[in-house]
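The structure file upload25.txt is reproduced below (compact mmCIF, C-alpha atoms and all ligand atoms).
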# COMPACT_ATOMS: atom_id res chain seq x y z
CA MET R 226 -41.11 10.97 -117.83
CA LYS R 227 -43.20 13.65 -116.17
CA ILE R 228 -46.79 13.61 -117.32
CA GLU R 229 -49.12 16.45 -116.53
CA LEU R 230 -52.82 15.86 -116.35
CA THR R 231 -55.28 18.70 -116.68
CA ARG R 232 -59.04 18.84 -116.82
CA GLU R 233 -58.84 20.24 -120.36
CA LYS R 234 -56.67 17.41 -121.56
CA VAL R 235 -58.84 14.69 -120.07
CA HIS R 236 -61.87 16.15 -121.79
CA ASN R 237 -60.26 16.81 -125.15
CA GLU R 238 -61.29 15.26 -128.43
CA PHE R 239 -58.35 12.89 -128.88
CA ALA R 240 -59.86 9.80 -127.25
CA LYS R 241 -63.08 10.39 -129.17
CA LYS R 242 -61.20 10.55 -132.43
CA VAL R 243 -59.39 7.28 -131.73
CA GLU R 244 -62.67 5.66 -130.70
CA LEU R 245 -64.32 6.84 -133.86
CA ILE R 246 -61.64 5.48 -136.20
CA SER R 247 -61.17 2.20 -134.32
CA GLY R 248 -64.84 1.64 -133.52
CA GLN R 249 -63.79 0.52 -130.03
CA ASN R 250 -64.92 1.60 -126.57
CA LEU R 251 -61.64 2.48 -124.91
CA PHE R 252 -63.35 3.18 -121.61
CA ALA R 253 -64.04 -0.54 -121.24
CA CYS R 254 -60.33 -1.13 -120.68
CA TYR R 255 -59.56 -1.94 -117.03
CA GLN R 256 -55.79 -2.00 -117.52
CA CYS R 257 -55.24 -5.68 -116.81
CA GLY R 258 -52.26 -5.75 -119.19
CA ASN R 259 -53.28 -8.98 -120.90
CA CYS R 260 -52.78 -7.35 -124.30
CA THR R 261 -49.21 -6.36 -123.53
CA ALA R 262 -48.39 -9.68 -121.88
CA GLY R 263 -49.18 -11.64 -125.04
CA CYS R 264 -47.84 -9.15 -127.57
CA PRO R 265 -45.00 -10.70 -129.60
CA VAL R 266 -43.29 -7.36 -130.19
CA ALA R 267 -43.82 -5.79 -126.75
CA PHE R 268 -40.10 -6.34 -126.05
CA ALA R 269 -39.25 -3.57 -128.49
CA MET R 270 -42.07 -1.18 -127.55
CA GLU R 271 -41.37 1.93 -125.46
CA VAL R 272 -44.64 1.37 -123.60
CA GLY R 273 -47.11 -1.49 -123.91
CA PRO R 274 -50.39 -1.34 -125.83
CA HIS R 275 -52.36 -1.06 -122.56
CA GLU R 276 -50.35 2.00 -121.58
CA VAL R 277 -50.99 3.73 -124.88
CA ILE R 278 -54.68 3.09 -124.33
CA ARG R 279 -54.40 4.73 -120.92
CA TYR R 280 -52.59 7.75 -122.38
CA THR R 281 -55.33 8.07 -124.94
CA LEU R 282 -58.08 7.86 -122.35
CA LEU R 283 -56.41 10.61 -120.36
CA GLY R 284 -56.29 12.81 -123.44
CA LEU R 285 -52.48 12.74 -123.57
CA GLU R 286 -52.30 13.07 -127.34
CA GLU R 287 -48.70 14.17 -127.50
CA GLU R 288 -47.44 11.34 -125.27
CA ALA R 289 -49.58 8.72 -126.98
CA LEU R 290 -48.44 9.67 -130.46
CA ALA R 291 -44.78 10.00 -129.53
CA VAL R 292 -44.16 6.35 -128.58
CA ASN R 293 -43.19 3.62 -131.04
CA THR R 294 -45.83 1.17 -129.80
CA PHE R 295 -48.37 1.40 -132.62
CA TRP R 296 -45.68 1.59 -135.30
CA LEU R 297 -44.27 -1.70 -134.09
CA CYS R 298 -47.66 -3.40 -133.83
CA ALA R 299 -47.79 -6.19 -136.41
CA SER R 300 -51.62 -6.44 -136.44
CA CYS R 301 -51.31 -10.05 -135.32
CA LEU R 302 -54.56 -9.80 -133.30
CA GLN R 303 -53.20 -11.79 -130.36
CA CYS R 304 -54.20 -8.97 -127.97
CA THR R 305 -57.58 -8.69 -129.65
CA SER R 306 -58.22 -12.37 -129.22
CA ARG R 307 -57.24 -12.31 -125.53
CA CYS R 308 -58.68 -9.05 -124.19
CA PRO R 309 -61.16 -9.99 -121.45
CA LYS R 310 -63.13 -6.82 -122.19
CA GLY R 311 -63.55 -7.56 -125.86
CA ILE R 312 -61.57 -4.57 -127.09
CA ASP R 313 -60.04 -4.97 -130.54
CA ILE R 314 -56.70 -3.46 -129.57
CA ALA R 315 -55.18 -4.00 -133.01
CA ARG R 316 -57.83 -1.59 -134.32
CA VAL R 317 -56.81 0.94 -131.68
CA MET R 318 -53.16 0.65 -132.75
CA ASP R 319 -54.21 1.16 -136.36
CA ALA R 320 -56.30 4.18 -135.42
CA LEU R 321 -53.28 5.80 -133.76
CA ARG R 322 -51.27 5.25 -136.94
CA MET R 323 -54.11 6.78 -138.90
CA VAL R 324 -54.25 9.88 -136.68
CA ILE R 325 -50.67 10.61 -137.72
CA LEU R 326 -50.86 9.47 -141.35
CA ARG R 327 -53.99 11.50 -141.99
CA LYS R 328 -52.49 14.79 -140.85
CA LYS R 329 -52.00 17.44 -143.49
CA ASP R 330 -48.22 17.40 -143.35
CA ARG R 331 -47.24 14.04 -144.76
CA LYS R 332 -45.50 12.16 -141.95
CA ASP R 333 -44.82 8.77 -143.46
CA HIS R 334 -43.25 6.20 -141.19
CA ILE R 335 -41.06 4.61 -143.84
CA HIS R 336 -39.42 6.03 -146.95
CA VAL R 337 -38.86 3.83 -149.93
CA SER R 338 -35.87 5.91 -151.00
CA GLU R 339 -34.10 4.94 -147.77
CA PHE R 340 -34.35 1.19 -148.31
CA GLN R 341 -30.99 -0.52 -148.47
CA GLU R 342 -29.75 -1.71 -151.82
CA GLY R 343 -31.16 -5.07 -152.77
CA PHE R 344 -34.02 -4.80 -150.26
CA LEU R 345 -36.71 -4.35 -152.90
CA GLU R 346 -35.52 -7.45 -154.75
CA LYS R 347 -35.25 -9.57 -151.62
CA VAL R 348 -38.53 -8.95 -149.84
CA PRO R 349 -41.77 -10.46 -151.24
CA GLN R 350 -44.36 -8.02 -152.53
CA ILE R 351 -46.89 -9.10 -149.93
CA ALA R 352 -44.67 -7.59 -147.22
CA PHE R 353 -44.37 -4.33 -149.13
CA ILE R 354 -48.04 -3.95 -149.91
CA SER R 355 -49.15 -4.57 -146.35
CA GLY R 356 -46.28 -2.49 -145.00
CA PHE R 357 -47.15 0.44 -147.27
CA ARG R 358 -50.77 0.20 -146.14
CA LYS R 359 -49.69 0.54 -142.54
CA PHE R 360 -46.85 3.03 -142.80
CA LEU R 361 -47.59 5.43 -145.65
CA SER R 362 -50.15 8.16 -145.90
CA MET C 236 -64.77 -31.19 -157.87
CA ASP C 237 -63.06 -27.98 -158.97
CA TYR C 238 -62.34 -24.96 -156.83
CA LEU C 239 -61.96 -21.38 -157.94
CA TYR C 240 -58.49 -20.37 -156.95
CA PHE C 241 -57.01 -16.99 -156.11
CA PRO C 242 -53.18 -17.30 -156.10
CA GLY C 243 -52.23 -13.76 -155.08
CA CYS C 244 -49.10 -11.90 -156.15
CA THR C 245 -46.41 -13.61 -154.12
CA LEU C 246 -47.38 -17.06 -155.35
CA TYR C 247 -46.63 -15.87 -158.84
CA THR C 248 -43.10 -14.78 -158.00
CA LYS C 249 -41.28 -15.55 -154.77
CA ALA C 250 -43.49 -18.48 -153.79
CA LYS C 251 -43.98 -20.29 -157.07
CA ASN C 252 -43.01 -23.46 -155.24
CA PHE C 253 -46.13 -23.08 -153.07
CA ASP C 254 -48.45 -22.49 -156.03
CA GLN C 255 -47.09 -25.25 -158.23
CA THR C 256 -47.01 -27.94 -155.56
CA ALA C 257 -50.58 -27.13 -154.52
CA ARG C 258 -51.78 -27.48 -158.10
CA ASP C 259 -49.92 -30.76 -158.61
CA CYS C 260 -51.10 -32.24 -155.32
CA SER C 261 -54.72 -31.33 -156.01
CA LEU C 262 -54.67 -33.32 -159.24
CA LEU C 263 -53.40 -36.36 -157.39
CA LEU C 264 -56.15 -35.90 -154.81
CA GLY C 265 -58.85 -35.68 -157.45
CA PHE C 266 -59.68 -31.98 -157.62
CA GLN C 267 -58.51 -29.05 -159.68
CA LEU C 268 -57.64 -25.47 -158.84
CA LYS C 269 -59.35 -23.29 -161.40
CA GLU C 270 -57.51 -19.99 -161.44
CA LEU C 271 -59.70 -16.90 -161.37
CA PRO C 272 -59.44 -15.01 -164.66
CA ASN C 273 -58.03 -11.47 -164.41
CA TRP C 274 -57.43 -11.50 -160.71
CA THR C 275 -56.02 -8.43 -158.98
CA CYS C 276 -54.24 -7.71 -155.69
CA CYS C 277 -56.19 -8.51 -152.49
CA GLY C 278 -54.78 -5.47 -150.73
CA ALA C 279 -52.65 -7.58 -148.38
CA THR C 280 -54.24 -6.19 -145.20
CA PHE C 281 -57.78 -6.15 -143.93
CA PRO C 282 -58.33 -2.49 -143.05
CA LEU C 283 -58.68 -2.10 -139.28
CA ALA C 284 -59.76 1.55 -139.38
CA THR C 285 -63.55 1.22 -139.56
CA ASP C 286 -63.92 4.16 -141.94
CA ASN C 287 -61.41 2.89 -144.49
CA ILE C 288 -63.80 1.57 -147.12
CA MET C 289 -61.35 2.16 -149.94
CA ALA C 290 -59.14 -0.68 -148.70
CA LEU C 291 -62.13 -3.03 -148.86
CA LEU C 292 -62.42 -2.58 -152.60
CA PRO C 293 -59.56 -4.83 -153.78
CA PRO C 294 -60.84 -7.93 -151.94
CA SER C 295 -64.45 -7.03 -152.79
CA ARG C 296 -63.59 -6.87 -156.47
CA ILE C 297 -62.03 -10.32 -156.31
CA LEU C 298 -65.09 -11.69 -154.53
CA ALA C 299 -67.57 -10.15 -156.93
CA ARG C 300 -65.70 -11.51 -159.94
CA ALA C 301 -65.32 -14.93 -158.37
CA ARG C 302 -69.05 -15.11 -157.71
CA GLU C 303 -69.67 -14.83 -161.44
CA GLU C 304 -67.59 -17.97 -161.91
CA GLY C 305 -68.71 -20.18 -159.05
CA THR C 306 -69.63 -20.57 -155.39
CA THR C 307 -66.41 -21.56 -153.61
CA LEU C 308 -63.16 -19.62 -153.60
CA THR C 309 -59.90 -20.95 -152.27
CA THR C 310 -56.50 -19.43 -151.50
CA LEU C 311 -53.17 -20.72 -150.26
CA CYS C 312 -51.60 -17.59 -148.80
CA SER C 313 -52.82 -17.03 -145.24
CA VAL C 314 -52.84 -13.26 -145.67
CA CYS C 315 -54.98 -13.35 -148.83
CA PHE C 316 -57.24 -15.84 -147.08
CA ASN C 317 -57.66 -13.56 -144.07
CA VAL C 318 -58.35 -10.42 -146.11
CA ILE C 319 -60.78 -12.12 -148.49
CA LYS C 320 -62.63 -14.09 -145.85
CA ARG C 321 -63.06 -11.12 -143.51
CA THR C 322 -64.23 -8.90 -146.34
CA ASN C 323 -66.68 -11.55 -147.50
CA ARG C 324 -68.18 -11.75 -144.04
CA LEU C 325 -68.38 -7.98 -143.74
CA ILE C 326 -70.20 -7.69 -147.07
CA ARG C 327 -72.64 -10.37 -145.94
CA ASN C 328 -73.36 -8.80 -142.55
CA ASP C 329 -73.01 -5.05 -142.99
CA GLY C 330 -75.74 -3.74 -145.30
CA ASP C 331 -74.47 -0.16 -145.36
CA LYS C 332 -70.95 -1.04 -146.35
CA ARG C 333 -72.25 -3.64 -148.82
CA ASP C 334 -74.31 -0.97 -150.59
CA THR C 335 -71.45 1.52 -150.65
CA ILE C 336 -69.06 -1.05 -152.11
CA ASN C 337 -71.52 -2.37 -154.67
CA ASN C 338 -72.54 1.12 -155.77
CA PHE C 339 -68.96 2.11 -156.25
CA MET C 340 -67.93 -1.02 -158.14
CA GLU C 341 -71.24 -1.31 -160.03
CA THR C 342 -71.66 -4.87 -158.82
CA ASN C 343 -74.28 -6.69 -156.82
CA TYR C 344 -72.34 -9.00 -154.61
CA GLN C 345 -74.05 -10.25 -151.45
CA GLY C 346 -71.21 -12.01 -149.64
CA ASP C 347 -72.46 -15.50 -150.41
CA LEU C 348 -69.24 -17.15 -151.59
CA ARG C 349 -67.75 -19.94 -149.53
CA VAL C 350 -64.14 -18.91 -148.86
CA LEU C 351 -61.85 -21.79 -147.98
CA HIS C 352 -58.19 -22.19 -147.28
CA TYR C 353 -56.56 -25.11 -149.11
CA LEU C 354 -55.97 -26.85 -145.77
CA GLU C 355 -59.71 -26.70 -145.11
CA ILE C 356 -60.38 -28.40 -148.43
CA LEU C 357 -57.98 -31.14 -147.41
CA LYS C 358 -59.70 -31.54 -144.07
CA GLN C 359 -63.35 -31.02 -144.91
CA ASP C 360 -63.79 -32.02 -148.53
CA VAL C 361 -61.00 -34.52 -149.21
CA GLY C 362 -60.69 -35.79 -145.65
CA PHE C 363 -57.51 -36.86 -143.87
CA PRO C 364 -58.29 -40.60 -144.15
CA ARG C 365 -58.27 -40.27 -147.94
CA ILE C 366 -54.96 -38.42 -147.82
CA GLN C 367 -53.63 -41.27 -145.75
CA GLU C 368 -54.67 -43.72 -148.47
CA LYS C 369 -52.81 -41.67 -151.08
CA MET C 370 -49.46 -41.85 -149.36
CA LYS C 371 -46.73 -43.29 -151.53
CA LYS C 372 -43.92 -42.33 -149.18
CA PRO C 373 -45.31 -41.79 -145.70
CA LEU C 374 -43.23 -39.30 -143.77
CA THR C 375 -42.51 -41.78 -141.00
CA GLY C 376 -40.04 -40.49 -138.47
CA LEU C 377 -40.14 -36.87 -139.64
CA LYS C 378 -40.53 -34.45 -136.76
CA ALA C 379 -42.46 -31.57 -138.29
CA ALA C 380 -43.55 -28.40 -136.48
CA PRO C 381 -46.85 -26.98 -137.77
CA TYR C 382 -46.54 -23.20 -137.79
CA TYR C 383 -49.98 -21.60 -137.98
CA GLY C 384 -49.04 -17.98 -137.49
CA CYS C 385 -51.85 -15.45 -137.05
CA MET C 386 -53.85 -14.92 -140.17
CA LEU C 387 -55.36 -18.39 -140.53
CA LEU C 388 -56.75 -18.24 -137.01
CA ARG C 389 -57.51 -14.69 -135.96
CA PRO C 390 -59.98 -13.18 -135.41
CA PHE C 391 -61.20 -16.66 -134.66
CA GLU C 392 -64.92 -15.78 -134.65
CA GLU C 393 -64.51 -14.57 -138.22
CA MET C 394 -62.00 -17.06 -139.57
CA GLU C 395 -63.77 -20.08 -138.04
CA PHE C 396 -60.67 -22.07 -138.87
CA ASP C 397 -59.84 -23.80 -135.60
CA ASP C 398 -59.52 -23.27 -131.85
CA LYS C 399 -58.07 -19.85 -131.06
CA GLU C 400 -55.37 -21.00 -128.63
CA LYS C 401 -55.00 -24.72 -129.30
CA PRO C 402 -55.60 -25.44 -132.96
CA THR C 403 -55.11 -29.04 -134.15
CA LEU C 404 -56.05 -29.09 -137.84
CA PHE C 405 -52.49 -28.74 -139.08
CA GLU C 406 -51.30 -31.48 -136.70
CA GLY C 407 -54.00 -33.78 -138.03
CA PHE C 408 -52.80 -33.13 -141.56
CA LEU C 409 -49.14 -33.85 -140.73
CA GLU C 410 -50.10 -37.03 -138.92
CA ALA C 411 -52.18 -38.17 -141.88
CA MET C 412 -48.97 -38.02 -143.90
CA GLY C 413 -47.24 -40.18 -141.31
CA ALA C 414 -45.11 -37.40 -139.80
CA GLU C 415 -44.81 -36.70 -136.11
CA ALA C 416 -46.41 -33.31 -135.36
CA ILE C 417 -44.32 -31.36 -132.87
CA ASP C 418 -46.25 -29.23 -130.43
CA PHE C 419 -44.47 -25.98 -129.60
CA PRO C 420 -45.61 -22.89 -127.72
CA TYR C 421 -44.88 -20.45 -130.56
CA LYS C 422 -47.03 -22.15 -133.18
CA ILE C 423 -49.65 -19.35 -133.14
CA GLU C 424 -47.24 -16.45 -132.52
CA CYS C 425 -46.69 -13.75 -135.10
CA CYS C 426 -43.72 -13.99 -137.50
CA GLY C 427 -43.38 -10.21 -137.48
CA SER C 428 -45.49 -9.85 -140.60
CA PHE C 429 -45.03 -6.53 -142.45
CA GLN C 430 -42.56 -5.39 -139.80
CA SER C 431 -39.99 -6.99 -142.07
CA VAL C 432 -40.44 -3.75 -143.98
CA GLY C 433 -41.07 -1.33 -141.07
CA SER C 434 -38.68 -2.65 -138.42
CA PRO C 435 -36.75 -5.59 -139.87
CA GLU C 436 -34.80 -6.22 -136.64
CA VAL C 437 -38.06 -6.79 -134.79
CA ALA C 438 -39.20 -9.35 -137.35
CA THR C 439 -35.80 -11.06 -137.09
CA GLU C 440 -36.37 -11.44 -133.37
CA CYS C 441 -39.86 -12.89 -133.89
CA GLY C 442 -38.46 -15.45 -136.33
CA TYR C 443 -35.67 -16.39 -133.96
CA LYS C 444 -38.10 -17.09 -131.12
CA ILE C 445 -40.43 -19.18 -133.26
CA LEU C 446 -37.67 -21.31 -134.76
CA GLY C 447 -35.87 -21.64 -131.43
CA SER C 448 -39.04 -22.87 -129.80
CA ALA C 449 -39.68 -25.40 -132.58
CA VAL C 450 -36.12 -26.74 -132.43
CA LYS C 451 -36.19 -26.94 -128.63
CA ASN C 452 -39.22 -29.15 -128.88
CA GLY C 453 -37.54 -31.48 -131.31
CA ALA C 454 -38.57 -30.19 -134.74
CA GLU C 455 -36.47 -31.10 -137.77
CA VAL C 456 -38.52 -29.02 -140.16
CA VAL C 457 -41.01 -26.16 -139.76
CA VAL C 458 -44.09 -26.26 -141.97
CA SER C 459 -45.71 -23.05 -143.19
CA THR C 460 -48.94 -21.98 -144.87
CA CYS C 461 -47.98 -18.48 -145.90
CA PRO C 462 -45.38 -16.79 -148.11
CA LEU C 463 -45.03 -13.87 -145.69
CA CYS C 464 -44.41 -16.17 -142.71
CA THR C 465 -42.01 -18.13 -144.88
CA PHE C 466 -40.04 -15.03 -145.74
CA ASN C 467 -39.78 -14.12 -142.06
CA ILE C 468 -38.87 -17.56 -140.74
CA ASP C 469 -36.98 -19.02 -143.70
CA HIS C 470 -35.30 -16.26 -145.70
CA LYS C 471 -34.57 -14.17 -142.65
CA GLN C 472 -32.51 -16.99 -141.16
CA ALA C 473 -29.53 -15.21 -142.73
CA ASP C 474 -30.19 -12.20 -140.47
CA ILE C 475 -30.90 -14.44 -137.48
CA LYS C 476 -27.63 -16.26 -137.98
CA GLN C 477 -25.79 -12.98 -138.13
CA LYS C 478 -27.23 -11.87 -134.81
CA TYR C 479 -27.17 -15.21 -132.97
CA LEU C 480 -23.99 -17.02 -133.80
CA ASP C 481 -25.08 -20.29 -132.19
CA PHE C 482 -28.27 -20.43 -134.28
CA LYS C 483 -28.54 -23.54 -136.45
CA PRO C 484 -30.55 -23.18 -139.65
CA ILE C 485 -33.65 -25.35 -139.92
CA PRO C 486 -35.54 -26.00 -143.18
CA VAL C 487 -38.96 -24.41 -143.63
CA LEU C 488 -41.30 -26.04 -146.14
CA TYR C 489 -44.75 -25.21 -147.45
CA PHE C 490 -47.26 -27.84 -146.39
CA THR C 491 -47.93 -28.60 -150.07
CA GLN C 492 -44.26 -29.39 -150.65
CA LEU C 493 -44.37 -31.99 -147.89
CA LEU C 494 -47.60 -33.35 -149.31
CA GLY C 495 -45.92 -33.61 -152.71
CA ILE C 496 -43.07 -35.65 -151.27
CA ALA C 497 -45.44 -37.93 -149.41
CA MET C 498 -47.58 -38.49 -152.49
CA GLY C 499 -44.53 -39.48 -154.47
CA LEU C 500 -44.04 -36.44 -156.72
CA ASP C 501 -40.59 -36.12 -158.23
CA TYR C 502 -38.67 -33.94 -155.77
CA GLN C 503 -37.21 -31.93 -158.62
CA THR C 504 -40.67 -30.54 -159.36
CA LEU C 505 -41.18 -29.29 -155.81
CA GLY C 506 -39.33 -26.01 -156.24
CA PHE C 507 -36.85 -26.44 -153.39
CA GLY C 508 -34.61 -23.92 -155.15
CA GLN C 509 -36.88 -21.17 -153.74
CA ASN C 510 -36.53 -22.38 -150.16
CA PHE C 511 -33.77 -20.47 -148.41
CA VAL C 512 -32.54 -23.26 -146.13
CA ASP C 513 -31.87 -26.31 -148.28
CA PRO C 514 -34.17 -29.15 -147.15
CA LEU C 515 -32.50 -31.81 -149.32
CA PRO C 516 -29.96 -33.07 -146.77
CA LEU C 517 -32.76 -33.69 -144.27
CA LEU C 518 -35.10 -35.29 -146.80
CA LYS C 519 -32.37 -37.46 -148.23
CA GLY C 520 -31.19 -38.44 -144.78
CA LYS C 521 -34.69 -39.63 -143.96
CA GLY C 522 -34.86 -41.57 -147.19
CA PHE C 523 -37.87 -39.65 -148.58
CA ILE C 524 -36.11 -38.68 -151.79
S1 LIG R 601 -56.36 -6.70 -122.38
FE1 LIG R 601 -58.10 -5.33 -122.77
S2 LIG R 601 -58.81 -4.69 -120.73
FE2 LIG R 601 -56.75 -5.59 -120.46
S3 LIG R 601 -55.36 -3.82 -120.57
FE3 LIG R 601 -55.51 -4.64 -122.65
S4 LIG R 601 -57.17 -3.46 -123.62
FE4 LIG R 601 -57.34 -3.15 -121.40
S1 LIG R 602 -51.95 -6.82 -132.71
FE1 LIG R 602 -50.22 -5.45 -132.32
S2 LIG R 602 -50.42 -4.82 -130.18
FE2 LIG R 602 -51.73 -6.62 -130.47
S3 LIG R 602 -50.47 -8.37 -129.84
FE3 LIG R 602 -50.22 -8.13 -132.08
S4 LIG R 602 -48.43 -6.82 -132.36
FE4 LIG R 602 -49.08 -6.62 -130.18
Have the structure of the file written as structure tokens, please.
Ligand code: SF4
Ligand code: SF4
Amino acid sequence: MKIELTREKVHNEFAKKVELISGQNLFACYQCGNCTAGCPVAFAMEVGPHEVIRYTLLGLEEEALAVNTFWLCASCLQCTSRCPKGIDIARVMDALRMVILRKKDRKDHIHVSEFQEGFLEKVPQIAFISGFRKFLS
Amino acid sequence: MDYLYFPGCTLYTKAKNFDQTARDCSLLLGFQLKELPNWTCCGATFPLATDNIMALLPPSRILARAREEGTTLTTLCSVCFNVIKRTNRLIRNDGDKRDTINNFMETNYQGDLRVLHYLEILKQDVGFPRIQEKMKKPLTGLKAAPYYGCMLLRPFEEMEFDDKEKPTLFEGFLEAMGAEAIDFPYKIECCGSFQSVGSPEVATECGYKILGSAVKNGAEVVVSTCPLCTFNIDHKQADIKQKYLDFKPIPVLYFTQLLGIAMGLDYQTLGFGQNFVDPLPLLKGKGFI
């Protein structure tokens, strides 16, 4: 993937917005990759959590929001507990979800009407409630 | 001593076996779970976006109501425990958010409840030696894998449950019942959590790795503290089996079900019908029932 960096992008408001929602200082990240190494769902992510953080720092809003990384994050806090720089990465992943879910055009990540038959009966409500919190605007 | 008890929604439906066995065991151990009157949903996630105060209201409401009834609140579900304990701490330490929440709910809650997981009661208040004394059928020879998952432990500064990488509380509990606690590297890994709704295949994979790791280290049964974990590592074994043909199902029990067996409760009251993988062959084979 070709990524173009420009002065405008690097200084845009995207990183600030993510920092504001997550309450984290993204600039503390020194890209050690510890977060990604311990992430239980990294195998299915297009890029690791540390890479999304880098995209965000470089103001690459489009690239950062296009990957599946934060949608797959299970908020397990393993990365948060292991980050040597004390960044709560799970909060950053949540903030990225929020940036999309709070946009005016409703871009929900899941749609109840598309659930397979029998799914609603099978899955416990705790999974639905937390899932809806994470995936619906 | 009695403890205020918040069951949470899943313990009223898909995890009745967890709720009932915990209540029965507590009576045998000399305490009672006093269910909160009119309890409501805990919200099922602690909001990670710092500006999402709305999502703090469900757990705050539970806390404020519980405080009118007593000073200690206990839960069984790890997710409820995590949400309620983190919110309690936030109300105690963050004056601004505390005021906003209290103003909105017209309450005056200060975050001064003691929030305990049932396992903590067993460890701190009852004590493992006393549990040992209560054993009618010690689980001698049972190789049990304690699966902690995430929510009991993390964030560990807030949960104050056990060591963040090498917890031992659960092992101590299993050993008090006479079982052999199996150490396995996936005991604090995530079960996939709510991804069973967002990306079910990913959660299937998480479950496969956890169970595979437990079996590889000799486990005959995996022991859980959470209805969401249990869904992902027990009920999803159907999906795992479909994907990995050589996968052999392994029973997953709630820790209170094991405690019930060990304290001599009639196995027909332990709700095994709600467990996906039938544990009876194993338990019968070991002579526990
Ligand atoms: S562990 Fe922390 S410092 Fe290391 S890459 Fe991840 S966020 Fe950055
Ligand atoms: S919180 Fe999310 S990003 Fe961090 S380790 Fe867990 S699943 Fe991976």
Shortest interatomic distance to chain R - which of C:Pro242, C:Gly433, C:Pro486, C:Pro516, counting all atoms listed in the file: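 The closest residue to chain R is C:Gly433.
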Could you please give me, as number ranges by chain, the residues of protein, DNA or RNA lying at most 10 Å from (-61.6, -0.5, -146.9) in the coordinate frame of the file, considering only C-alpha atoms? C: 278, 280-295, 322, 332, 336
Please, which residues in chain R fall within 6 Å of ligand LIG 601 (chain R) when counting all atoms listed in the file, and what is the closest atom pair and distance in Å to one decimal for each, ordered by chain then residue number, as JSON lines?
{"residue": "R:Cys254", "atom": "CA", "partner": "R:LIG601", "partner_atom": "FE4", "distance": 3.7}
{"residue": "R:Tyr255", "atom": "CA", "partner": "R:LIG601", "partner_atom": "S2", "distance": 4.7}
{"residue": "R:Gln256", "atom": "CA", "partner": "R:LIG601", "partner_atom": "S3", "distance": 3.6}
{"residue": "R:Cys257", "atom": "CA", "partner": "R:LIG601", "partner_atom": "FE2", "distance": 4.0}
{"residue": "R:Gly258", "atom": "CA", "partner": "R:LIG601", "partner_atom": "S3", "distance": 3.9}
{"residue": "R:Asn259", "atom": "CA", "partner": "R:LIG601", "partner_atom": "S1", "distance": 4.1}
{"residue": "R:Cys260", "atom": "CA", "partner": "R:LIG601", "partner_atom": "S1", "distance": 4.1}
{"residue": "R:His275", "atom": "CA", "partner": "R:LIG601", "partner_atom": "S3", "distance": 4.5}
{"residue": "R:Cys308", "atom": "CA", "partner": "R:LIG601", "partner_atom": "S1", "distance": 3.8}
{"residue": "R:Pro309", "atom": "CA", "partner": "R:LIG601", "partner_atom": "FE1", "distance": 5.7}
{"residue": "R:Lys310", "atom": "CA", "partner": "R:LIG601", "partner_atom": "S2", "distance": 5.0}
{"residue": "R:Ile312", "atom": "CA", "partner": "R:LIG601", "partner_atom": "FE1", "distance": 5.6}
{"residue": "R:Ile314", "atom": "CA", "partner": "R:LIG601", "partner_atom": "S4", "distance": 6.0}
Two-atom distance - atom FE2 of ligand LIG 602 (chain R), CA of Val272 in chain R (Å):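 Atom-to-atom, atom FE2 of ligand LIG 602 (chain R) to CA of Val272 in chain R, that is 12.7 Å.
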Find the residues around Asp418 in chain C up to 7 Å (all atoms listed in the file counted), leave out those fewer than 2 positions away in its own chain, and share them as a ChimeraX atom specification. /C:380,416,420
Within 6 Å of ligand LIG 602 (chain R) (counting all atoms listed in the file), which residues show up? I'd like them as a PyMOL selection string. chain R and resi 263-266+274+298-304+314-315
Given a cut-off of 8 Å, which residues of chain C touch chain R, counting all atoms listed in the file, written out as an NGL selection string? :C and (244-245 or 249 or 278-280 or 283-286 or 385-386 or 389-391 or 399 or 424-425 or 427-434 or 437 or 441 or 462-463 or 466)
When you look at Tyr421 in chain C with a cut-off of 9 Å (counting only C-alpha atoms), what residues show up, excluding the ones that are within fewer than 6 positions of it in the same chain? I need them as JSON, numbers by chain. {"C": [382, 384, 444, 445, 446, 448, 449]}
Show me the residues around (-41.5, -28.4, -142.7) - criterion: an atom at most 6 Å away, all atoms listed in the file counted - as a ChimeraX atom specification. /C:379,456-458,487-488
Point-to-point distance in Å for CA of Ile468 in chain C and CA of Tyr502 in chain C: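 About the pair CA of Tyr502 in chain C and CA of Ile468 in chain C: they are 22.2 Å apart.
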When you draw a straight line from CA of Thr281 in chain R to CA of Gly311 in chain R, how long is it in Å?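 That distance, rounded to one decimal, is 17.7 Å.
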Tell me which protein, DNA and RNA residues are within 10 Å of Gln472 in chain C, counting all atoms listed in the file, leaving out same-chain ones fewer than 3 positions away, and put them as an NGL selection string. :C and (439 or 442-443 or 446 or 466-469 or 475-479 or 482-486 or 511-512)
Written file, previous selection with C-alpha atoms, as a short mmCIF file (atom, residue, chain, number, x, y, z; two decimals), in the coordinates of the input:
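File produced: again-v5.cif:
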data_model
loop_
_atom_site.label_atom_id
_atom_site.label_comp_id
_atom_site.auth_asym_id
_atom_site.auth_seq_id
_atom_site.Cartn_x
_atom_site.Cartn_y
_atom_site.Cartn_z
CA THR C 439 -35.80 -11.06 -137.09
CA GLY C 442 -38.46 -15.45 -136.33
CA TYR C 443 -35.67 -16.39 -133.96
CA LEU C 446 -37.67 -21.31 -134.76
CA PHE C 466 -40.04 -15.03 -145.74
CA ASN C 467 -39.78 -14.12 -142.06
CA ILE C 468 -38.87 -17.56 -140.74
CA ASP C 469 -36.98 -19.02 -143.70
CA ILE C 475 -30.90 -14.44 -137.48
CA LYS C 476 -27.63 -16.26 -137.98
CA GLN C 477 -25.79 -12.98 -138.13
CA LYS C 478 -27.23 -11.87 -134.81
CA TYR C 479 -27.17 -15.21 -132.97
CA PHE C 482 -28.27 -20.43 -134.28
CA LYS C 483 -28.54 -23.54 -136.45
CA PRO C 484 -30.55 -23.18 -139.65
CA ILE C 485 -33.65 -25.35 -139.92
CA PRO C 486 -35.54 -26.00 -143.18
CA PHE C 511 -33.77 -20.47 -148.41
CA VAL C 512 -32.54 -23.26 -146.13
#
